[in-house]
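Undergrad: Input structure: data13.tsv, which contains TSV, C-alpha atoms.
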chain	number	residue	atom	x	y	z
A	86	MET	CA	0.17	-23.24	218.54
A	87	ARG	CA	1.52	-20.11	220.24
A	88	VAL	CA	0.38	-17.95	217.31
A	89	ALA	CA	-3.09	-19.47	217.50
A	90	GLN	CA	-3.27	-18.77	221.22
A	91	VAL	CA	-2.21	-15.15	220.67
A	92	LEU	CA	-4.87	-14.70	217.99
A	93	LEU	CA	-7.55	-16.29	220.19
A	94	THR	CA	-6.58	-14.09	223.15
A	95	ALA	CA	-6.72	-10.99	220.94
A	96	LEU	CA	-10.11	-12.00	219.56
A	97	MET	CA	-11.52	-12.54	223.06
A	98	ALA	CA	-10.18	-9.20	224.24
A	99	SER	CA	-11.70	-7.49	221.20
A	100	THR	CA	-15.06	-9.10	221.96
A	101	LEU	CA	-14.96	-8.10	225.60
A	102	VAL	CA	-14.26	-4.48	224.72
A	103	THR	CA	-16.43	-4.10	221.65
A	104	ALA	CA	-19.67	-5.77	222.79
A	105	PRO	CA	-20.16	-3.66	225.94
A	106	ALA	CA	-19.21	-0.54	223.98
A	107	GLN	CA	-21.86	-1.29	221.38
A	108	ALA	CA	-24.40	-2.06	224.09
A	109	ALA	CA	-23.55	1.22	225.84
A	110	VAL	CA	-24.14	3.17	222.64
A	111	ARG	CA	-27.47	1.47	222.06
A	112	ALA	CA	-28.60	1.87	225.65
A	113	GLU	CA	-27.55	5.53	225.97
A	114	ALA	CA	-30.53	7.35	227.40
A	115	PRO	CA	-29.91	10.67	229.16
A	116	PRO	CA	-32.27	11.69	231.97
A	117	GLU	CA	-33.89	14.24	229.68
A	118	VAL	CA	-33.84	15.42	226.08
A	119	TYR	CA	-34.89	18.97	225.25
A	120	GLY	CA	-36.82	19.31	222.02
A	121	GLY	CA	-36.30	23.05	221.61
A	122	ALA	CA	-38.61	26.07	221.43
A	123	TRP	CA	-40.65	26.59	218.27
A	124	SER	CA	-43.33	28.84	216.81
A	125	SER	CA	-45.75	25.99	216.30
A	126	GLY	CA	-48.54	24.00	217.87
A	127	HIS	CA	-47.89	22.14	221.11
A	128	VAL	CA	-45.93	18.89	221.16
A	129	GLN	CA	-48.03	15.86	220.20
A	130	GLY	CA	-45.70	12.88	220.31
A	131	ILE	CA	-42.15	11.55	220.09
A	132	ALA	CA	-40.17	8.74	218.49
A	133	VAL	CA	-36.72	7.43	219.42
A	134	ASP	CA	-34.07	5.82	217.25
A	135	GLN	CA	-31.86	4.23	219.90
A	136	LYS	CA	-29.34	2.77	217.48
A	137	LYS	CA	-28.48	6.03	215.73
A	138	GLY	CA	-29.19	8.26	218.71
A	139	TYR	CA	-31.97	10.56	217.53
A	140	MET	CA	-35.27	11.74	218.95
A	141	TYR	CA	-38.16	13.08	216.90
A	142	PHE	CA	-40.78	15.53	218.17
A	143	SER	CA	-44.13	16.29	216.56
A	144	PHE	CA	-45.20	19.90	217.20
A	145	THR	CA	-48.63	19.69	215.48
A	146	ASN	CA	-47.48	21.38	212.26
A	147	LEU	CA	-43.76	20.72	212.53
A	148	LEU	CA	-41.43	17.72	212.91
A	149	VAL	CA	-38.15	18.28	214.78
A	150	LYS	CA	-35.15	15.94	214.80
A	151	THR	CA	-32.59	16.21	217.63
A	152	ASP	CA	-29.71	14.14	218.87
A	153	MET	CA	-29.93	12.66	222.36
A	154	LYS	CA	-28.31	15.77	223.83
A	155	GLY	CA	-31.17	17.89	222.53
A	156	ARG	CA	-29.19	19.52	219.75
A	157	PRO	CA	-31.39	20.19	216.69
A	158	VAL	CA	-30.36	18.24	213.60
A	159	GLY	CA	-33.21	19.13	211.24
A	160	SER	CA	-36.90	19.94	210.93
A	161	VAL	CA	-39.78	19.49	208.49
A	162	THR	CA	-42.20	22.39	208.17
A	163	GLY	CA	-45.24	23.43	206.15
A	164	PHE	CA	-47.89	21.03	207.47
A	165	THR	CA	-51.37	22.51	207.16
A	166	GLY	CA	-53.00	19.54	208.89
A	167	HIS	CA	-52.55	18.07	212.37
A	168	LEU	CA	-49.42	15.98	212.86
A	169	GLY	CA	-49.93	13.81	215.94
A	170	ASP	CA	-48.27	10.88	217.65
A	171	LEU	CA	-45.11	9.29	216.20
A	172	ASP	CA	-43.29	5.97	216.30
A	173	PHE	CA	-40.00	4.72	214.91
A	174	ASN	CA	-40.06	1.60	212.73
A	175	SER	CA	-36.84	-0.30	213.41
A	176	HIS	CA	-37.46	-2.54	210.36
A	177	ASP	CA	-37.19	0.21	207.76
A	178	GLY	CA	-35.58	3.02	209.78
A	179	ARG	CA	-38.42	5.49	209.17
A	180	VAL	CA	-40.73	7.46	211.45
A	181	TYR	CA	-44.51	7.06	211.11
A	182	GLY	CA	-47.04	9.59	212.38
A	183	SER	CA	-50.75	10.36	212.30
A	184	LEU	CA	-51.75	13.22	210.01
A	185	GLU	CA	-55.25	14.72	209.85
A	186	TYR	CA	-57.04	17.01	207.39
A	187	LYS	CA	-60.53	17.06	208.85
A	188	ASP	CA	-61.98	19.67	206.52
A	189	ALA	CA	-60.94	17.51	203.57
A	190	LYS	CA	-62.11	14.30	205.28
A	191	ALA	CA	-58.61	12.94	204.74
A	192	PHE	CA	-56.60	10.96	207.28
A	193	TYR	CA	-53.11	9.64	206.61
A	194	ILE	CA	-50.12	7.95	208.06
A	195	ALA	CA	-47.21	10.28	207.30
A	196	ILE	CA	-43.95	8.42	206.71
A	197	PHE	CA	-40.68	10.29	207.18
A	198	ASP	CA	-37.44	9.24	205.51
A	199	VAL	CA	-35.57	10.53	208.53
A	200	ASP	CA	-32.06	9.91	207.22
A	201	ARG	CA	-32.75	12.71	204.74
A	202	ILE	CA	-33.70	15.19	207.46
A	203	THR	CA	-30.35	16.96	207.71
A	204	SER	CA	-31.22	20.67	207.93
A	205	LEU	CA	-33.79	22.99	209.44
A	206	ASP	CA	-36.98	24.12	207.67
A	207	MET	CA	-37.18	21.36	205.08
A	208	ASN	CA	-40.57	21.66	203.37
A	209	ALA	CA	-43.02	18.79	203.85
A	210	GLU	CA	-44.17	18.87	200.23
A	211	SER	CA	-41.09	19.82	198.23
A	212	SER	CA	-38.19	18.24	200.12
A	213	ASP	CA	-38.99	14.60	199.27
A	214	VAL	CA	-38.76	13.42	202.89
A	215	VAL	CA	-42.48	12.79	203.52
A	216	SER	CA	-44.88	10.33	201.93
A	217	ALA	CA	-48.46	9.57	202.97
A	218	VAL	CA	-50.82	6.59	203.04
A	219	TYR	CA	-54.58	7.16	203.12
A	220	LEU	CA	-56.69	5.39	205.76
A	221	LYS	CA	-60.12	4.69	204.28
A	222	GLU	CA	-61.48	2.99	207.41
A	223	VAL	CA	-60.93	6.15	209.46
A	224	VAL	CA	-62.50	8.37	206.84
A	225	ASP	CA	-65.58	6.14	206.69
A	226	ASP	CA	-66.10	6.24	210.45
A	227	TYR	CA	-65.34	9.95	210.80
A	228	SER	CA	-67.76	10.94	208.04
A	229	ALA	CA	-70.54	8.47	208.97
A	230	ASP	CA	-74.04	9.99	208.96
A	231	MET	CA	-75.22	8.29	212.13
A	232	ASP	CA	-78.51	10.14	212.55
A	233	GLY	CA	-79.52	9.55	208.92
A	234	ASP	CA	-80.42	13.15	208.15
A	235	GLY	CA	-78.23	13.25	205.05
A	236	VAL	CA	-76.05	16.02	206.47
A	237	PHE	CA	-72.44	15.66	207.63
A	238	ASP	CA	-72.10	17.91	210.65
A	239	GLY	CA	-68.36	18.42	210.36
A	240	ASP	CA	-65.63	18.75	212.97
A	241	THR	CA	-67.77	18.96	216.09
A	242	ALA	CA	-68.47	16.81	219.14
A	243	LYS	CA	-72.04	18.12	219.44
A	244	THR	CA	-73.57	15.70	216.98
A	245	ALA	CA	-74.81	12.14	216.68
A	246	ASP	CA	-72.59	11.73	213.61
A	247	HIS	CA	-69.08	10.18	213.57
A	248	ARG	CA	-69.28	6.42	214.18
A	249	TYR	CA	-68.01	5.57	217.69
A	250	GLY	CA	-67.51	9.33	218.15
A	251	CYS	CA	-64.50	9.18	215.79
A	252	SER	CA	-62.72	12.52	215.50
A	253	GLY	CA	-59.87	11.15	213.38
A	254	ILE	CA	-56.61	9.55	214.54
A	255	ASP	CA	-53.78	10.29	216.92
A	256	GLY	CA	-51.90	7.47	218.72
A	257	VAL	CA	-49.64	5.24	216.60
A	258	SER	CA	-47.31	2.41	217.58
A	259	PHE	CA	-45.57	-0.64	216.16
A	260	GLY	CA	-46.10	-3.88	218.01
A	261	PRO	CA	-47.25	-7.49	217.61
A	262	GLU	CA	-50.72	-8.76	216.91
A	263	PHE	CA	-52.83	-8.50	220.05
A	264	GLY	CA	-52.48	-11.50	222.33
A	265	ARG	CA	-49.28	-12.68	220.63
A	266	ARG	CA	-46.23	-11.18	222.29
A	267	HIS	CA	-43.92	-12.49	219.60
A	268	GLY	CA	-46.41	-12.16	216.77
A	269	LYS	CA	-45.85	-10.31	213.54
A	270	GLN	CA	-45.13	-6.61	213.93
A	271	LYS	CA	-47.94	-4.39	212.73
A	272	LEU	CA	-48.77	-0.71	212.78
A	273	THR	CA	-51.51	0.11	215.28
A	274	VAL	CA	-53.48	3.34	214.88
A	275	ALA	CA	-55.80	4.72	217.57
A	276	TYR	CA	-58.87	6.83	216.89
A	277	GLY	CA	-59.36	10.24	218.30
A	278	ILE	CA	-62.75	10.25	220.07
A	279	TYR	CA	-64.83	13.36	220.65
A	280	ALA	CA	-65.80	14.12	224.25
A	281	ASN	CA	-69.58	13.93	224.38
A	282	ALA	CA	-71.46	12.93	227.53
A	283	ASP	CA	-74.82	12.87	225.78
A	284	ARG	CA	-74.28	9.71	223.70
A	285	GLN	CA	-73.60	6.13	224.70
A	286	ASP	CA	-71.81	4.81	221.63
A	287	ASN	CA	-68.45	6.50	222.28
A	288	ASP	CA	-67.14	4.65	225.35
A	289	TYR	CA	-64.50	2.60	223.53
A	290	GLN	CA	-61.00	3.30	222.32
A	291	VAL	CA	-60.84	2.04	218.74
A	292	LEU	CA	-57.55	0.54	217.52
A	293	LEU	CA	-56.80	-0.43	213.92
A	294	GLN	CA	-53.96	-2.78	212.99
A	295	TYR	CA	-52.25	-2.80	209.60
A	296	ASP	CA	-49.70	-5.15	208.08
A	297	ILE	CA	-47.47	-2.62	206.30
A	298	ASP	CA	-45.20	-5.04	204.41
A	299	ASN	CA	-46.62	-3.89	201.07
A	300	TRP	CA	-47.40	-0.29	201.92
A	301	ARG	CA	-44.78	1.21	199.62
A	302	ARG	CA	-47.20	0.66	196.75
A	303	TYR	CA	-49.63	3.03	198.49
A	304	GLU	CA	-47.17	5.75	199.42
A	305	ARG	CA	-47.56	9.05	197.60
A	306	PRO	CA	-45.78	12.38	198.04
A	307	LEU	CA	-47.63	14.70	200.38
A	308	SER	CA	-49.84	17.14	198.44
A	309	GLN	CA	-51.99	19.18	200.81
A	310	ALA	CA	-53.93	21.07	198.12
A	311	GLU	CA	-55.02	17.85	196.39
A	312	SER	CA	-55.68	15.03	198.84
A	313	HIS	CA	-54.95	11.57	197.46
A	314	THR	CA	-56.80	8.37	198.38
A	315	SER	CA	-54.04	5.81	197.93
A	316	GLY	CA	-54.16	3.34	200.80
A	317	PRO	CA	-55.32	-0.08	201.95
A	318	GLY	CA	-58.95	-0.89	201.26
A	319	ARG	CA	-59.35	-2.73	204.55
A	320	VAL	CA	-57.76	-3.10	207.95
A	321	ASP	CA	-56.04	-6.24	209.21
A	322	GLY	CA	-57.79	-5.89	212.55
A	323	LYS	CA	-60.23	-3.52	214.26
A	324	TYR	CA	-60.37	-3.65	218.04
A	325	PHE	CA	-62.35	-2.03	220.86
A	326	VAL	CA	-61.22	-1.24	224.42
A	327	ARG	CA	-63.89	-0.08	226.87
A	328	THR	CA	-62.47	2.75	228.99
A	329	GLY	CA	-65.36	5.20	229.04
A	330	ASN	CA	-65.45	8.23	226.78
A	331	THR	CA	-62.23	10.27	226.68
A	332	THR	CA	-61.43	13.70	225.29
A	333	TYR	CA	-59.96	13.11	221.82
A	334	GLY	CA	-59.19	9.46	222.41
A	335	VAL	CA	-55.70	7.96	222.65
A	336	GLN	CA	-53.27	10.84	222.41
A	337	ASN	CA	-50.20	8.63	222.70
A	338	LEU	CA	-50.06	4.88	222.08
A	339	ALA	CA	-46.98	2.78	222.87
A	340	TYR	CA	-46.35	-0.94	222.73
A	341	ASP	CA	-44.00	-1.91	225.54
A	342	GLY	CA	-41.81	-4.93	224.85
A	343	TYR	CA	-40.70	-5.02	228.49
A	344	THR	CA	-44.16	-5.80	229.89
A	345	GLY	CA	-45.72	-7.04	226.66
A	346	ASN	CA	-48.58	-4.57	227.10
A	347	TRP	CA	-49.97	-1.54	225.26
A	348	PHE	CA	-49.97	1.88	226.93
A	349	MET	CA	-52.65	4.46	226.15
A	350	ALA	CA	-52.27	8.04	227.43
A	351	VAL	CA	-55.44	10.14	227.14
A	352	TYR	CA	-57.00	13.44	228.09
A	353	LYS	CA	-59.56	12.71	230.78
A	354	GLY	CA	-63.17	12.09	229.83
A	355	VAL	CA	-66.20	13.90	231.23
A	356	LYS	CA	-68.80	11.20	231.85
A	357	PRO	CA	-69.60	10.95	235.60
A	358	GLN	CA	-70.41	7.23	235.40
A	359	PHE	CA	-66.75	6.46	234.56
A	360	PRO	CA	-63.59	7.04	236.62
A	361	ASN	CA	-62.00	9.06	233.80
A	362	TYR	CA	-58.44	7.89	234.33
A	363	SER	CA	-55.66	9.48	232.27
A	364	PHE	CA	-53.68	6.30	231.55
A	365	PHE	CA	-54.83	2.85	230.47
A	366	VAL	CA	-52.98	-0.39	229.76
A	367	VAL	CA	-54.22	-3.04	227.34
A	368	ASP	CA	-53.31	-6.55	228.49
A	369	GLY	CA	-51.07	-7.76	225.69
A	370	SER	CA	-51.24	-11.38	226.84
A	371	ARG	CA	-54.95	-11.71	226.20
A	372	PRO	CA	-56.22	-12.05	222.61
A	373	ALA	CA	-59.30	-10.23	221.47
A	374	VAL	CA	-62.65	-11.84	222.21
A	375	ARG	CA	-65.65	-11.49	219.94
A	376	GLY	CA	-68.46	-9.74	221.77
A	377	PRO	CA	-70.99	-6.90	221.78
A	378	VAL	CA	-69.81	-3.32	221.23
A	379	GLU	CA	-72.18	-1.73	223.69
A	380	GLY	CA	-74.18	1.44	223.17
A	381	GLN	CA	-74.46	1.27	219.38
A	382	ARG	CA	-77.68	2.28	217.62
A	383	GLN	CA	-77.81	-1.11	215.98
A	384	PRO	CA	-76.55	-4.24	217.79
A	385	GLU	CA	-72.92	-4.75	216.84
A	386	GLN	CA	-70.27	-7.39	217.45
A	387	GLY	CA	-66.58	-6.55	217.52
A	388	GLU	CA	-63.12	-7.70	218.62
A	389	LEU	CA	-62.86	-6.70	222.29
A	390	LEU	CA	-59.55	-6.21	224.09
A	391	SER	CA	-59.04	-6.34	227.85
A	392	LEU	CA	-57.57	-3.73	230.15
A	393	LEU	CA	-54.80	-4.98	232.43
A	394	HIS	CA	-56.33	-5.85	235.79
A	395	LYS	CA	-53.87	-3.79	237.81
A	396	GLY	CA	-53.70	-0.25	239.09
A	397	LEU	CA	-56.84	1.68	240.01
A	398	HIS	CA	-60.18	-0.06	239.63
A	399	ASP	CA	-63.66	1.42	239.42
A	400	ALA	CA	-66.04	-1.36	240.43
A	401	ALA	CA	-69.17	0.32	239.07
A	402	SER	CA	-67.86	0.53	235.49
A	403	ASP	CA	-65.27	-2.28	235.84
A	404	VAL	CA	-62.63	0.00	234.31
A	405	TRP	CA	-58.95	-0.30	235.29
A	406	GLY	CA	-56.33	2.41	234.86
A	407	TRP	CA	-53.79	4.77	236.37
A	408	GLU	CA	-53.24	8.50	236.83
A	409	PHE	CA	-50.23	9.55	234.82
A	410	GLY	CA	-49.07	11.76	231.94
A	411	GLY	CA	-47.78	10.75	228.54
A	412	GLN	CA	-50.39	12.65	226.54
A	413	TYR	CA	-47.71	14.83	224.93
A	414	GLY	CA	-45.21	12.10	224.17
A	415	LEU	CA	-44.53	8.52	225.25
A	416	ALA	CA	-41.92	6.08	223.98
A	417	SER	CA	-40.83	2.70	225.34
A	418	LEU	CA	-37.14	1.76	225.14
A	419	GLY	CA	-38.06	-1.91	225.57
A	420	ASP	CA	-36.07	-2.45	228.76
A	421	GLY	CA	-38.35	-1.01	231.43
A	422	ARG	CA	-37.38	2.59	230.66
A	423	TYR	CA	-39.51	5.15	228.89
A	424	TYR	CA	-39.41	8.72	227.70
A	425	VAL	CA	-42.40	10.78	228.78
A	426	THR	CA	-42.69	14.26	227.30
A	427	ARG	CA	-43.56	17.40	229.19
A	428	GLN	CA	-45.13	20.27	227.25
A	429	GLY	CA	-44.36	23.91	227.98
A	430	THR	CA	-44.04	27.42	226.59
A	431	THR	CA	-41.39	30.11	226.65
A	432	VAL	CA	-41.21	33.69	225.43
A	433	GLU	CA	-38.36	34.70	223.14
A	434	ASP	CA	-38.15	38.28	221.81
A	435	GLY	CA	-41.78	38.78	222.69
A	436	VAL	CA	-42.89	35.64	220.84
A	437	THR	CA	-44.50	32.73	222.73
A	438	LYS	CA	-43.00	29.44	221.60
A	439	GLN	CA	-43.86	25.83	222.33
A	440	THR	CA	-41.32	23.64	224.13
A	441	ALA	CA	-40.95	19.93	224.83
A	442	THR	CA	-38.79	18.04	227.31
A	443	SER	CA	-38.67	14.24	227.24
A	444	GLU	CA	-37.86	12.84	230.68
A	445	LEU	CA	-36.65	9.33	231.45
A	446	TYR	CA	-38.85	7.08	233.60
A	447	ARG	CA	-38.84	3.45	234.69
A	448	TRP	CA	-41.78	1.10	235.15
A	449	THR	CA	-42.87	0.29	238.71
A	450	GLY	CA	-46.50	-0.77	238.27
A	451	ARG	CA	-47.38	1.05	241.46
A	452	THR	CA	-50.67	2.83	242.12
A	453	PRO	CA	-51.77	5.49	241.34
A	454	ALA	CA	-48.87	6.19	238.92
A	455	PRO	CA	-46.95	3.22	237.47
A	456	PHE	CA	-43.68	5.05	236.64
A	457	GLU	CA	-40.89	6.84	238.49
A	458	ARG	CA	-38.28	9.31	237.23
A	459	VAL	CA	-34.77	8.14	236.43
A	460	GLN	CA	-32.30	10.78	237.53
What does this structure look like when you write it as structure tokens?
TA:
Amino acid sequence: MRVAQVLLTALMASTLVTAPAQAAVRAEAPPEVYGGAWSSGHVQGIAVDQKKGYMYFSFTNLLVKTDMKGRPVGSVTGFTGHLGDLDFNSHDGRVYGSLEYKDAKAFYIAIFDVDRITSLDMNAESSDVVSAVYLKEVVDDYSADMDGDGVFDGDTAKTADHRYGCSGIDGVSFGPEFGRRHGKQKLTVAYGIYANADRQDNDYQVLLQYDIDNWRRYERPLSQAESHTSGPGRVDGKYFVRTGNTTYGVQNLAYDGYTGNWFMAVYKGVKPQFPNYSFFVVDGSRPAVRGPVEGQRQPEQGELLSLLHKGLHDAASDVWGWEFGGQYGLASLGDGRYYVTRQGTTVEDGVTKQTATSELYRWTGRTPAPFERVQ
């Protein structure tokens, strides 16, 4: 009996010590994480692996991996397209990001086997750390000949082409099916939307959802000289959020398990009939409702999502939103804390380099900005 009591006491002591220690490791989140200075494009997005303690930064044509003290662990170089927003998939331990090749009319989800990123300057094509999945739905909307003249006008906002004003993709995030907080996790991809005040069919953010359980069959090594078309033939959901036209759509998309909502950080739009907020929140508790997608050349019905009825409100357009950042990087930690990335530049040896600093915030829901810094 005494031996059993000793063993039980030891087990309880072990539990009391080990569980908080594990929780502390998982919850470690310094007030800021520096992403370094690089000869690259500006920072586009971030992803966080809380369990292993890494942060990933997309610098347009470069992926950087750091630890949570900002020390570089590795990088992937050689992208000739536009690498945008990122998110970490806790189910398979990989990072997913939007990747555009507009001249080739090719849009992909780039998938990084991040455990293999162990050194600097690993090549995106030859290092076997990147695969890509082709998104046909995006290509179809981007290349749509909306004015029927038989000519694709290319990468320009000054055209009637590009269905919904689609300029490609940027924001990506994992989260549940809309309206189901504990629904199946899917990959959500947000369109880029050209800024154009002269058309009325571009006032929605367009969000695609994909069930990626069987995506490994589509994955192909990245080959930038010869674009592949291996990807799902259809989406598992296509949704519309009326915010008014924005400049290049949702730059950063993040599902937030703490509030159950979806955050969308954008560059402000230019249409005077809209408030042109910089931050929108999709109400994750409300499922999509079938209804008219306004402003289209031909009457169209779609799955409409609702903005959260909090924050700033423009009565004339009935658009809700906030004024906040997040366009350069936004990641939810799931507990009311978030990393928001600040973009900058520095000069080293006469060379201007791009920098990124991810700063820790907490949710307040206050107006006009719903976050505050955590020091």
Undergrad: For the interface of stretch 194-266 of chain A with stretch 359-381 of chain A (cut-off 10 Å, counting all atoms listed in the file), please tabulate each contacting residue of stretch 194-266 of chain A alongside its nearest pair of atoms and their separation in Å to one decimal, rows sorted by chain and increasing number, as a tab-separated table.
TA:
residue	atom	partner	partner_atom	distance
A:Arg248	CA	A:Gln381	CA	9.0
A:Tyr249	CA	A:Gln381	CA	7.9
A:Gly260	CA	A:Gly369	CA	9.9
A:Pro261	CA	A:Gly369	CA	8.9
A:Glu262	CA	A:Pro372	CA	8.6
A:Phe263	CA	A:Pro372	CA	5.5
A:Gly264	CA	A:Pro372	CA	3.8
A:Arg265	CA	A:Ser370	CA	6.6
A:Arg266	CA	A:Ser370	CA	6.8
Undergrad: Using all atoms listed in the file, list the residues that have an atom at most 9 Å from (-48.6, 10.0, 200.4), coordinates as in the file, as a PyMOL selection string.
TA: chain A and resi 193-196+215-219+303-308+312-316
Undergrad: Calculate how many Å separate atom CA of A:Ser258 from atom CA of A:Glu385, rounding to one decimal.
TA: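 Computing it gives 26.6 Å between the two atoms.
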Undergrad: Would you kindly return, as an mmCIF file with C-alpha atoms, keeping the file's coordinate frame, each protein, DNA or RNA residue with an atom no farther than 6 Å from any atom of A:Tyr333, considering all atoms listed in the file and excluding same-chain residues fewer than 2 positions away?
TA:
data_model
loop_
_atom_site.group_PDB
_atom_site.id
_atom_site.type_symbol
_atom_site.label_atom_id
_atom_site.label_comp_id
_atom_site.auth_asym_id
_atom_site.auth_seq_id
_atom_site.Cartn_x
_atom_site.Cartn_y
_atom_site.Cartn_z
ATOM 1 C CA GLY A 277 -59.360 10.240 218.300
ATOM 2 C CA ILE A 278 -62.750 10.250 220.070
ATOM 3 C CA TYR A 279 -64.830 13.360 220.650
#
Undergrad: Which one is closest to A:Val224: A:Gly435, A:Gly253, A:Gly414, A:Gly345? Count all atoms listed in the file.
TA: A:Gly253
Undergrad: So the first atom is atom CA of A:Tyr186 and the second is atom CA of A:Gly169; what is the distance between them in Å, to one decimal place?
TA: 11.6 Å
Undergrad: Quick one: everything within 9 Å of A:Asp232, counting all atoms listed in the file, minus sequence neighbours fewer than 4 positions away in the same chain. Send it as a list in words.
TA: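 The residues satisfying every condition are Val236, Thr244, Ala245 and Asp246 of chain A.
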Undergrad: What does the distance between atom CA of A:Gly411 and atom CA of A:Gln439 come to in Å, to one decimal place?
TA: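 Pair atom CA of A:Gly411 / atom CA of A:Gln439 returns 16.8 Å.
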Undergrad: Anything within 7 Å of (-56.1, -6.3, 207.8): list those residues as a list in words, counting only C-alpha atoms and sticking to the file's coordinates.
TA: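 Within the cut-off we find Gln294, Tyr295, Asp296, Arg319, Val320, Asp321 and Gly322 of chain A.
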Undergrad: Keeping C-alpha atoms for every residue in the selection just given, could you write it to a file as a short mmCIF file (atom, residue, chain, number, x, y, z; two decimals), in the coordinates of the input?
TA:
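Printed below is selection_30.cif as written:
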data_model
loop_
_atom_site.label_atom_id
_atom_site.label_comp_id
_atom_site.auth_asym_id
_atom_site.auth_seq_id
_atom_site.Cartn_x
_atom_site.Cartn_y
_atom_site.Cartn_z
CA GLN A 294 -53.96 -2.78 212.99
CA TYR A 295 -52.25 -2.80 209.60
CA ASP A 296 -49.70 -5.15 208.08
CA ARG A 319 -59.35 -2.73 204.55
CA VAL A 320 -57.76 -3.10 207.95
CA ASP A 321 -56.04 -6.24 209.21
CA GLY A 322 -57.79 -5.89 212.55
#
Undergrad: Which residue out of A:His176, A:Lys150, A:Lys221, A:His247 has the minimum interatomic distance to A:Asp206 when all atoms listed in the file are used?
TA: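 Smallest separation from A:Asp206 among the options: A:Lys150.
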Undergrad: Which polymer residues have any atom within 8 Å of an atom of A:Val404, counting all atoms listed in the file, with same-chain residues fewer than 4 positions away left out, as a list in words?
TA: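 My list of contacting residues is Arg327, Thr328, Gly329, Phe359, Pro360, Leu392, His398, Asp399 and Ala400 of chain A.
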Undergrad: Which residues are near A:Ser252? Cut-off 10 Å, only C-alpha atoms, ignore same chain within fewer than 5 positions. Put them as a VMD selection string.
TA: chain A and resid 185 187 223 to 224 226 to 228 239 to 242 247 276 to 280 332 to 334
Undergrad: Need to verify the contact set: A:Lys154, 10 Å, only C-alpha atoms, exclusion of same-chain residues closer than 4 positions in sequence. Can you return it as a VMD selection string?
TA: chain A and resid 114 to 120 138 to 140
Undergrad: Go through A:Asp134, A:Gly256, A:Asp298, A:Gly155 and flag the residue nearest A:Glu444, using only C-alpha atoms for the distances.
TA: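 Of all the options, A:Gly155 lies closest to A:Glu444.
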Undergrad: Pick out the closest residue to A:Asn146 from this set: A:Leu445, A:Ala229, A:Val161, A:Val459. Count only C-alpha atoms.
TA: A:Val161
Undergrad: Considering only C-alpha atoms, state which residue in the set A:Ala416, A:Leu147, A:Ala209, A:Ile202 is at the smallest distance from A:Gly159.
TA: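 Using only C-alpha atoms, the shortest distance to A:Gly159 belongs to A:Ile202.
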Undergrad: Starting from the incomplete input, reconstruct N, CA and C atoms of stretch 213-225 of chain A and report them as a PDB file, keeping the file's coordinate frame.
TA:
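Written file, selection.pdb:
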ATOM      1  N   ASP A 213     -39.065  16.029 199.553  1.00  0.00           N
ATOM      2  CA  ASP A 213     -38.990  14.600 199.270  1.00  0.00           C
ATOM      3  C   ASP A 213     -38.594  13.783 200.503  1.00  0.00           C
ATOM      4  N   VAL A 214     -39.029  14.219 201.684  1.00  0.00           N
ATOM      5  CA  VAL A 214     -38.760  13.420 202.890  1.00  0.00           C
ATOM      6  C   VAL A 214     -40.034  12.852 203.486  1.00  0.00           C
ATOM      7  N   VAL A 215     -41.201  13.234 202.965  1.00  0.00           N
ATOM      8  CA  VAL A 215     -42.480  12.790 203.520  1.00  0.00           C
ATOM      9  C   VAL A 215     -43.317  12.124 202.443  1.00  0.00           C
ATOM     10  N   SER A 216     -43.858  10.948 202.765  1.00  0.00           N
ATOM     11  CA  SER A 216     -44.880  10.330 201.930  1.00  0.00           C
ATOM     12  C   SER A 216     -46.087  10.049 202.819  1.00  0.00           C
ATOM     13  N   ALA A 217     -47.223   9.729 202.202  1.00  0.00           N
ATOM     14  CA  ALA A 217     -48.460   9.570 202.970  1.00  0.00           C
ATOM     15  C   ALA A 217     -49.272   8.407 202.442  1.00  0.00           C
ATOM     16  N   VAL A 218     -49.928   7.701 203.371  1.00  0.00           N
ATOM     17  CA  VAL A 218     -50.820   6.590 203.040  1.00  0.00           C
ATOM     18  C   VAL A 218     -52.196   6.895 203.621  1.00  0.00           C
ATOM     19  N   TYR A 219     -53.191   6.804 202.784  1.00  0.00           N
ATOM     20  CA  TYR A 219     -54.580   7.160 203.120  1.00  0.00           C
ATOM     21  C   TYR A 219     -55.250   6.020 203.884  1.00  0.00           C
ATOM     22  N   LEU A 220     -56.008   6.387 204.934  1.00  0.00           N
ATOM     23  CA  LEU A 220     -56.690   5.390 205.760  1.00  0.00           C
ATOM     24  C   LEU A 220     -58.203   5.490 205.549  1.00  0.00           C
ATOM     25  N   LYS A 221     -58.717   4.660 204.652  1.00  0.00           N
ATOM     26  CA  LYS A 221     -60.120   4.690 204.280  1.00  0.00           C
ATOM     27  C   LYS A 221     -61.042   4.369 205.455  1.00  0.00           C
ATOM     28  N   GLU A 222     -60.642   3.407 206.293  1.00  0.00           N
ATOM     29  CA  GLU A 222     -61.480   2.990 207.410  1.00  0.00           C
ATOM     30  C   GLU A 222     -61.768   4.172 208.345  1.00  0.00           C
ATOM     31  N   VAL A 223     -60.766   4.980 208.590  1.00  0.00           N
ATOM     32  CA  VAL A 223     -60.930   6.150 209.460  1.00  0.00           C
ATOM     33  C   VAL A 223     -61.865   7.168 208.822  1.00  0.00           C
ATOM     34  N   VAL A 224     -61.656   7.415 207.548  1.00  0.00           N
ATOM     35  CA  VAL A 224     -62.500   8.370 206.840  1.00  0.00           C
ATOM     36  C   VAL A 224     -63.961   7.933 206.884  1.00  0.00           C
ATOM     37  N   ASP A 225     -64.212   6.656 206.676  1.00  0.00           N
ATOM     38  CA  ASP A 225     -65.580   6.140 206.690  1.00  0.00           C
ATOM     39  C   ASP A 225     -66.239   6.351 208.049  1.00  0.00           C
TER      40      ASP A 225
END
